[in-house]
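K.L.:
What follows is coords36.cif, mmCIF, C-alpha atoms.
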data_model
#
loop_
_atom_site.label_atom_id
_atom_site.label_comp_id
_atom_site.auth_asym_id
_atom_site.auth_seq_id
_atom_site.Cartn_x
_atom_site.Cartn_y
_atom_site.Cartn_z
CA MET R 1 38.16 44.96 -14.63
CA LYS R 2 36.73 48.03 -12.99
CA VAL R 3 34.53 47.72 -9.93
CA ASP R 4 32.16 50.34 -11.34
CA SER R 5 31.50 48.35 -14.49
CA PHE R 6 30.89 45.16 -12.50
CA GLU R 7 28.56 47.02 -10.15
CA SER R 8 26.61 48.23 -13.15
CA PHE R 9 26.58 44.67 -14.54
CA PHE R 10 25.33 43.41 -11.18
CA ARG R 11 22.51 45.97 -10.94
CA GLY R 12 21.42 45.36 -14.50
CA ASN R 13 21.41 41.56 -14.32
CA TYR R 14 20.55 40.71 -10.72
CA PRO R 15 16.76 40.78 -11.26
CA LYS R 16 16.98 38.47 -14.31
CA ALA R 17 19.28 36.06 -12.50
CA PHE R 18 17.19 36.13 -9.32
CA TYR R 19 13.89 35.46 -11.10
CA LEU R 20 15.48 32.72 -13.18
CA ALA R 21 16.64 31.01 -9.96
CA LEU R 22 13.32 31.63 -8.23
CA ARG R 23 11.43 30.13 -11.16
CA HIS R 24 13.46 26.92 -10.78
CA LEU R 25 13.82 26.73 -7.00
CA HIS R 26 10.60 28.31 -5.64
CA ASP R 27 12.63 29.45 -2.63
CA GLU R 28 13.61 33.12 -2.29
CA GLU R 29 16.42 32.65 0.19
CA ALA R 30 18.04 29.81 -1.75
CA SER R 31 17.66 31.85 -4.95
CA ARG R 32 19.40 34.88 -3.39
CA ASP R 33 22.28 32.72 -2.13
CA LEU R 34 22.65 30.93 -5.43
CA VAL R 35 22.65 34.16 -7.46
CA ALA R 36 25.21 35.73 -5.13
CA ASP R 37 27.46 32.71 -5.64
CA ALA R 38 26.95 32.93 -9.41
CA PHE R 39 27.95 36.62 -9.44
CA GLU R 40 31.03 35.81 -7.39
CA HIS R 41 31.90 33.09 -9.89
CA VAL R 42 31.46 35.53 -12.81
CA TRP R 43 33.58 38.16 -11.02
CA LYS R 44 36.43 35.66 -10.64
CA LYS R 45 36.03 34.52 -14.25
CA VAL R 46 36.25 38.08 -15.55
CA GLU R 47 39.28 38.82 -13.36
CA THR R 48 41.20 35.75 -14.47
CA SER R 49 40.24 35.71 -18.17
CA GLY R 50 40.15 39.44 -18.77
CA GLU R 51 36.99 39.07 -20.89
CA ASP R 52 34.72 42.00 -21.49
CA ILE R 53 31.84 42.29 -19.01
CA ALA R 54 29.33 42.85 -21.83
CA ASN R 55 29.71 39.23 -22.96
CA MET R 56 29.09 37.90 -19.47
CA GLU R 57 25.28 38.13 -19.28
CA SER R 58 24.63 34.79 -20.98
CA TYR R 59 27.50 33.25 -18.99
CA LEU R 60 25.88 34.50 -15.75
CA LEU R 61 22.44 33.13 -16.66
CA THR R 62 23.93 29.79 -17.70
CA THR R 63 25.83 29.66 -14.41
CA VAL R 64 22.63 30.38 -12.47
CA ARG R 65 20.71 27.71 -14.39
CA ASN R 66 23.45 25.11 -13.84
CA ARG R 67 23.68 25.94 -10.16
CA CYS R 68 19.90 25.62 -9.85
CA ILE R 69 20.09 22.17 -11.39
CA GLY R 70 22.87 21.21 -8.99
CA TYR R 71 20.93 22.58 -6.04
CA LEU R 72 17.77 20.68 -7.02
CA ARG R 73 19.73 17.45 -7.47
CA LYS R 74 21.25 17.89 -4.04
CA GLN R 75 17.85 18.62 -2.48
CA GLN R 76 16.40 15.56 -4.20
CA THR R 77 19.20 13.41 -2.77
CA VAL R 78 18.72 14.91 0.69
CA SER R 79 14.98 14.30 0.43
CA LYS R 80 15.48 10.67 -0.59
CA PHE R 81 17.93 10.18 2.26
CA ALA R 82 15.54 11.81 4.75
CA LYS R 83 12.66 9.59 3.60
CA MET R 84 14.85 6.52 3.82
CA GLU R 85 16.06 7.52 7.29
CA LEU R 86 12.50 8.20 8.45
CA HIS R 87 11.37 4.81 7.14
CA THR R 88 14.30 3.11 8.91
CA MET R 89 13.54 4.90 12.17
CA GLU R 90 9.85 3.96 11.97
CA ARG R 91 10.74 0.35 11.24
CA CYS R 92 13.22 0.24 14.14
CA TYR R 93 10.62 1.72 16.47
CA GLU R 94 8.03 -0.84 15.35
CA GLU R 95 10.54 -3.70 15.63
CA ASP R 96 11.66 -2.45 19.05
CA PHE R 97 8.04 -2.24 20.15
CA ASP R 98 7.33 -5.73 18.80
CA PHE R 99 10.48 -7.03 20.46
CA GLN R 100 9.44 -5.62 23.84
CA ARG R 101 5.95 -7.05 23.43
CA ARG R 102 7.37 -10.45 22.46
CA GLU R 103 9.66 -10.37 25.48
CA LEU R 104 6.66 -9.75 27.74
CA HIS R 105 4.78 -12.62 26.14
CA MET R 106 7.77 -14.92 26.58
CA GLU R 107 8.05 -14.01 30.25
CA GLU R 108 4.34 -14.76 30.73
CA VAL R 109 4.70 -18.09 28.95
CA MET R 110 7.73 -19.03 31.04
CA GLU R 111 5.82 -18.17 34.23
CA ALA R 112 2.88 -20.25 33.01
CA LEU R 113 5.22 -23.17 32.41
CA ASN R 114 6.00 -23.12 36.13
CA GLU R 115 2.38 -24.13 36.77
CA LEU R 116 2.91 -27.41 34.89
CA THR R 117 4.02 -30.61 36.59
CA PRO R 118 7.81 -30.85 36.86
CA LYS R 119 8.00 -33.69 34.31
CA THR R 120 5.78 -31.91 31.73
CA ARG R 121 7.69 -28.64 32.27
CA HIS R 122 11.01 -30.47 31.72
CA ILE R 123 9.73 -32.06 28.50
CA VAL R 124 8.36 -28.78 27.11
CA LYS R 125 11.60 -26.92 27.88
CA ALA R 126 13.69 -29.71 26.36
CA CYS R 127 11.61 -29.75 23.16
CA TYR R 128 10.92 -26.04 22.69
CA VAL R 129 13.72 -24.21 24.48
CA GLU R 130 16.60 -26.63 23.95
CA ARG R 131 15.14 -27.71 20.57
CA LYS R 132 15.59 -31.43 21.23
CA LYS R 133 13.70 -34.05 19.27
CA TYR R 134 10.98 -36.11 20.93
CA ARG R 135 13.17 -39.19 20.50
CA GLU R 136 16.07 -37.54 22.39
CA VAL R 137 13.83 -36.45 25.29
CA ALA R 138 12.19 -39.89 25.46
CA SER R 139 15.62 -41.53 25.58
CA GLU R 140 16.84 -39.14 28.34
CA LEU R 141 13.79 -39.76 30.54
CA ASP R 142 13.47 -43.44 29.61
CA ILE R 143 9.92 -43.02 28.36
CA SER R 144 8.26 -43.62 25.00
CA GLU R 145 7.97 -40.98 22.31
CA SER R 146 4.19 -41.16 22.57
CA THR R 147 4.46 -40.25 26.27
CA VAL R 148 6.55 -37.21 25.31
CA LYS R 149 3.87 -36.26 22.76
CA LYS R 150 1.17 -36.71 25.42
CA HIS R 151 3.00 -34.33 27.81
CA ILE R 152 3.49 -31.79 24.99
CA MET R 153 -0.23 -32.00 24.06
CA GLN R 154 -1.23 -31.43 27.70
CA ALA R 155 1.13 -28.45 28.04
CA LEU R 156 -0.04 -26.85 24.80
CA SER R 157 -3.68 -27.36 25.78
CA PHE R 158 -3.00 -25.76 29.18
CA LEU R 159 -1.20 -22.78 27.55
CA ARG R 160 -3.99 -22.30 24.99
CA GLN R 161 -6.55 -22.16 27.80
CA LYS R 162 -4.39 -19.84 29.90
CA PHE R 163 -3.82 -17.36 27.05
CA LYS R 164 -7.20 -17.76 25.33
CA GLY R 165 -8.45 -14.49 23.84
CA ARG R 166 -5.06 -12.74 23.84
CA SER R 167 -3.28 -11.60 20.71
#
Kindly return the structure encoded in the file as structure tokens.
P.N.:
Amino acid sequence: MKVDSFESFFRGNYPKAFYLALRHLHDEEASRDLVADAFEHVWKKVETSGEDIANMESYLLTTVRNRCIGYLRKQQTVSKFAKMELHTMERCYEEDFDFQRRELHMEEVMEALNELTPKTRHIVKACYVERKKYREVASELDISESTVKKHIMQALSFLRQKFKGRS
């Protein structure tokens, strides 16, 4: 194929192809790039098949349309991924913030536990930190389960008063 005839084909069909792409994409730069790629594709097709350039106008416009569809699908996928990534980052930030806040609260609670009597502190830590049952703690300390409950009630009452009005 002659370069002159392709240049003439390019000049005659570029505006149609560009406005077709622009109508679909609403982005001038992307439309220019896409149309340039479509013309390159048509050039290679004509060179390899030896078809007449006159029959290539509909092939060019179909190529542009198909490439627009592909471009939009890709952009849609990228947009979905970006939204998902943004949501994940926001959630991680919130969870990290909540985690830090919880850690501060736990440190304050642990410091407050130091204000309890040694026996009450031991019972609270055994029940809530070590996750032992009241029966196990009572058996360890050789006291009744109701005494363990009494110490727990006192500790919880103290902690409620100490942290009253905080969220």
K.L.:
Atom CA of R:Gln75 and atom CA of R:Leu61, how far apart in Å?
P.N.:
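So the answer is 20.8 Å.
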K.L.:
To test your reading of the syntax: which residues would the PyMOL selection byres ((chain R and resi 148) around 9) return for the file shown? Reply as a ChimeraX atom specification.
P.N.:
/R:120,123-124,134-135,137-138,143-147,149-153
K.L.:
Between R:Arg102, R:Cys68, R:Lys44, R:Lys162, single out the one closest to R:Glu115, counting all atoms listed in the file.
P.N.:
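Selected residue with least distance to R:Glu115: R:Lys162.
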K.L.:
Quick one: everything within 12 Å of R:Asp33, counting all atoms listed in the file, minus sequence neighbours fewer than 2 positions away in the same chain. Send it as a VMD selection string.
P.N.:
chain R and resid 14 17 to 18 21 to 22 25 27 to 31 35 to 40 64 67 to 68 71
K.L.:
Would you please work out which residue, of R:Met106, R:Ala126, R:Ala155, R:Met56, is nearest to R:Leu141 when using all atoms listed in the file?
P.N.:
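Residue with the minimum atom-to-atom distance to R:Leu141: R:Ala126.
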K.L.:
Do you have the atom CA of R:His105-atom CA of R:Thr88 distance handy?
P.N.:
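So the two atoms, atom CA of R:His105 and atom CA of R:Thr88, lie 25.2 Å apart.
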K.L.:
Taking only C-alpha atoms into account, name the residue in R:Glu85, R:Glu90, R:Glu103, R:Glu57 that is nearest to R:Asn13.
P.N.:
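Closest to R:Asn13, using only C-alpha atoms: R:Glu57.
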K.L.:
Take atom CA of R:His41 and atom CA of R:Leu60 and report the distance between them in Å, one decimal.
P.N.:
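Taking atom CA of R:His41 as the start and atom CA of R:Leu60 as the end point, the length is 8.5 Å.
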K.L.:
When you get a chance, write out N, CA and C atoms for stretch 35-71 of chain R, as an mmCIF file, in the frame of the given file.
P.N.:
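Result file is part-v2.cif:
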data_model
loop_
_atom_site.group_PDB
_atom_site.id
_atom_site.type_symbol
_atom_site.label_atom_id
_atom_site.label_comp_id
_atom_site.auth_asym_id
_atom_site.auth_seq_id
_atom_site.Cartn_x
_atom_site.Cartn_y
_atom_site.Cartn_z
ATOM 1 N N VAL R 35 22.304 33.066 -6.538
ATOM 2 C CA VAL R 35 22.650 34.160 -7.460
ATOM 3 C C VAL R 35 23.896 34.889 -6.967
ATOM 4 N N ALA R 36 24.001 35.082 -5.673
ATOM 5 C CA ALA R 36 25.210 35.730 -5.130
ATOM 6 C C ALA R 36 26.450 34.905 -5.457
ATOM 7 N N ASP R 37 26.333 33.584 -5.307
ATOM 8 C CA ASP R 37 27.460 32.710 -5.640
ATOM 9 C C ASP R 37 27.788 32.769 -7.134
ATOM 10 N N ALA R 38 26.744 32.847 -7.954
ATOM 11 C CA ALA R 38 26.950 32.930 -9.410
ATOM 12 C C ALA R 38 27.671 34.228 -9.777
ATOM 13 N N PHE R 39 27.265 35.343 -9.165
ATOM 14 C CA PHE R 39 27.950 36.620 -9.440
ATOM 15 C C PHE R 39 29.405 36.567 -8.989
ATOM 16 N N GLU R 40 29.646 35.946 -7.859
ATOM 17 C CA GLU R 40 31.030 35.810 -7.390
ATOM 18 C C GLU R 40 31.841 34.992 -8.398
ATOM 19 N N HIS R 41 31.242 33.936 -8.895
ATOM 20 C CA HIS R 41 31.900 33.090 -9.890
ATOM 21 C C HIS R 41 32.227 33.902 -11.152
ATOM 22 N N VAL R 42 31.257 34.697 -11.605
ATOM 23 C CA VAL R 42 31.460 35.530 -12.810
ATOM 24 C C VAL R 42 32.555 36.564 -12.552
ATOM 25 N N TRP R 43 32.551 37.175 -11.375
ATOM 26 C CA TRP R 43 33.580 38.160 -11.020
ATOM 27 C C TRP R 43 34.975 37.540 -11.134
ATOM 28 N N LYS R 44 35.123 36.346 -10.580
ATOM 29 C CA LYS R 44 36.430 35.660 -10.640
ATOM 30 C C LYS R 44 36.788 35.290 -12.069
ATOM 31 N N LYS R 45 35.796 34.885 -12.841
ATOM 32 C CA LYS R 45 36.030 34.520 -14.250
ATOM 33 C C LYS R 45 36.513 35.735 -15.038
ATOM 34 N N VAL R 46 35.867 36.857 -14.826
ATOM 35 C CA VAL R 46 36.250 38.080 -15.550
ATOM 36 C C VAL R 46 37.653 38.512 -15.135
ATOM 37 N N GLU R 47 37.953 38.415 -13.845
ATOM 38 C CA GLU R 47 39.280 38.820 -13.360
ATOM 39 C C GLU R 47 40.379 37.947 -13.951
ATOM 40 N N THR R 48 40.148 36.650 -13.996
ATOM 41 C CA THR R 48 41.200 35.750 -14.470
ATOM 42 C C THR R 48 41.311 35.709 -15.995
ATOM 43 N N SER R 49 40.191 35.832 -16.696
ATOM 44 C CA SER R 49 40.240 35.710 -18.170
ATOM 45 C C SER R 49 40.414 37.056 -18.860
ATOM 46 N N GLY R 50 40.038 38.118 -18.171
ATOM 47 C CA GLY R 50 40.150 39.440 -18.770
ATOM 48 C C GLY R 50 39.107 39.707 -19.843
ATOM 49 N N GLU R 51 38.044 38.882 -19.887
ATOM 50 C CA GLU R 51 36.990 39.070 -20.890
ATOM 51 C C GLU R 51 36.190 40.334 -20.592
ATOM 52 N N ASP R 52 35.539 40.809 -21.608
ATOM 53 C CA ASP R 52 34.720 42.000 -21.490
ATOM 54 C C ASP R 52 33.441 41.656 -20.735
ATOM 55 N N ILE R 53 33.027 42.515 -19.839
ATOM 56 C CA ILE R 53 31.840 42.290 -19.010
ATOM 57 C C ILE R 53 30.570 42.214 -19.847
ATOM 58 N N ALA R 54 30.521 42.832 -20.970
ATOM 59 C CA ALA R 54 29.330 42.850 -21.830
ATOM 60 C C ALA R 54 28.968 41.444 -22.312
ATOM 61 N N ASN R 55 29.950 40.596 -22.477
ATOM 62 C CA ASN R 55 29.710 39.230 -22.960
ATOM 63 C C ASN R 55 29.344 38.270 -21.818
ATOM 64 N N MET R 56 29.260 38.769 -20.620
ATOM 65 C CA MET R 56 29.090 37.900 -19.470
ATOM 66 C C MET R 56 27.634 37.632 -19.085
ATOM 67 N N GLU R 57 26.673 38.318 -19.681
ATOM 68 C CA GLU R 57 25.280 38.130 -19.280
ATOM 69 C C GLU R 57 24.812 36.687 -19.510
ATOM 70 N N SER R 58 25.065 36.166 -20.699
ATOM 71 C CA SER R 58 24.630 34.790 -20.980
ATOM 72 C C SER R 58 25.414 33.798 -20.110
ATOM 73 N N TYR R 59 26.695 34.110 -19.866
ATOM 74 C CA TYR R 59 27.500 33.250 -18.990
ATOM 75 C C TYR R 59 26.912 33.231 -17.579
ATOM 76 N N LEU R 60 26.500 34.397 -17.082
ATOM 77 C CA LEU R 60 25.880 34.500 -15.750
ATOM 78 C C LEU R 60 24.599 33.671 -15.685
ATOM 79 N N LEU R 61 23.728 33.835 -16.675
ATOM 80 C CA LEU R 61 22.440 33.130 -16.660
ATOM 81 C C LEU R 61 22.632 31.615 -16.798
ATOM 82 N N THR R 62 23.617 31.222 -17.582
ATOM 83 C CA THR R 62 23.930 29.790 -17.700
ATOM 84 C C THR R 62 24.460 29.253 -16.372
ATOM 85 N N THR R 63 25.293 30.045 -15.724
ATOM 86 C CA THR R 63 25.830 29.660 -14.410
ATOM 87 C C THR R 63 24.693 29.512 -13.401
ATOM 88 N N VAL R 64 23.768 30.452 -13.391
ATOM 89 C CA VAL R 64 22.630 30.380 -12.470
ATOM 90 C C VAL R 64 21.802 29.133 -12.756
ATOM 91 N N ARG R 65 21.508 28.890 -14.022
ATOM 92 C CA ARG R 65 20.710 27.710 -14.390
ATOM 93 C C ARG R 65 21.409 26.418 -13.948
ATOM 94 N N ASN R 66 22.702 26.317 -14.227
ATOM 95 C CA ASN R 66 23.450 25.110 -13.840
ATOM 96 C C ASN R 66 23.500 24.929 -12.328
ATOM 97 N N ARG R 67 23.651 26.030 -11.620
ATOM 98 C CA ARG R 67 23.680 25.940 -10.160
ATOM 99 C C ARG R 67 22.303 25.568 -9.602
ATOM 100 N N CYS R 68 21.252 26.020 -10.252
ATOM 101 C CA CYS R 68 19.900 25.620 -9.850
ATOM 102 C C CYS R 68 19.722 24.118 -10.014
ATOM 103 N N ILE R 69 20.178 23.606 -11.145
ATOM 104 C CA ILE R 69 20.090 22.170 -11.390
ATOM 105 C C ILE R 69 20.862 21.397 -10.325
ATOM 106 N N GLY R 70 22.063 21.860 -10.034
ATOM 107 C CA GLY R 70 22.870 21.210 -8.990
ATOM 108 C C GLY R 70 22.190 21.270 -7.628
ATOM 109 N N TYR R 71 21.629 22.411 -7.320
ATOM 110 C CA TYR R 71 20.930 22.580 -6.040
ATOM 111 C C TYR R 71 19.743 21.627 -5.945
#
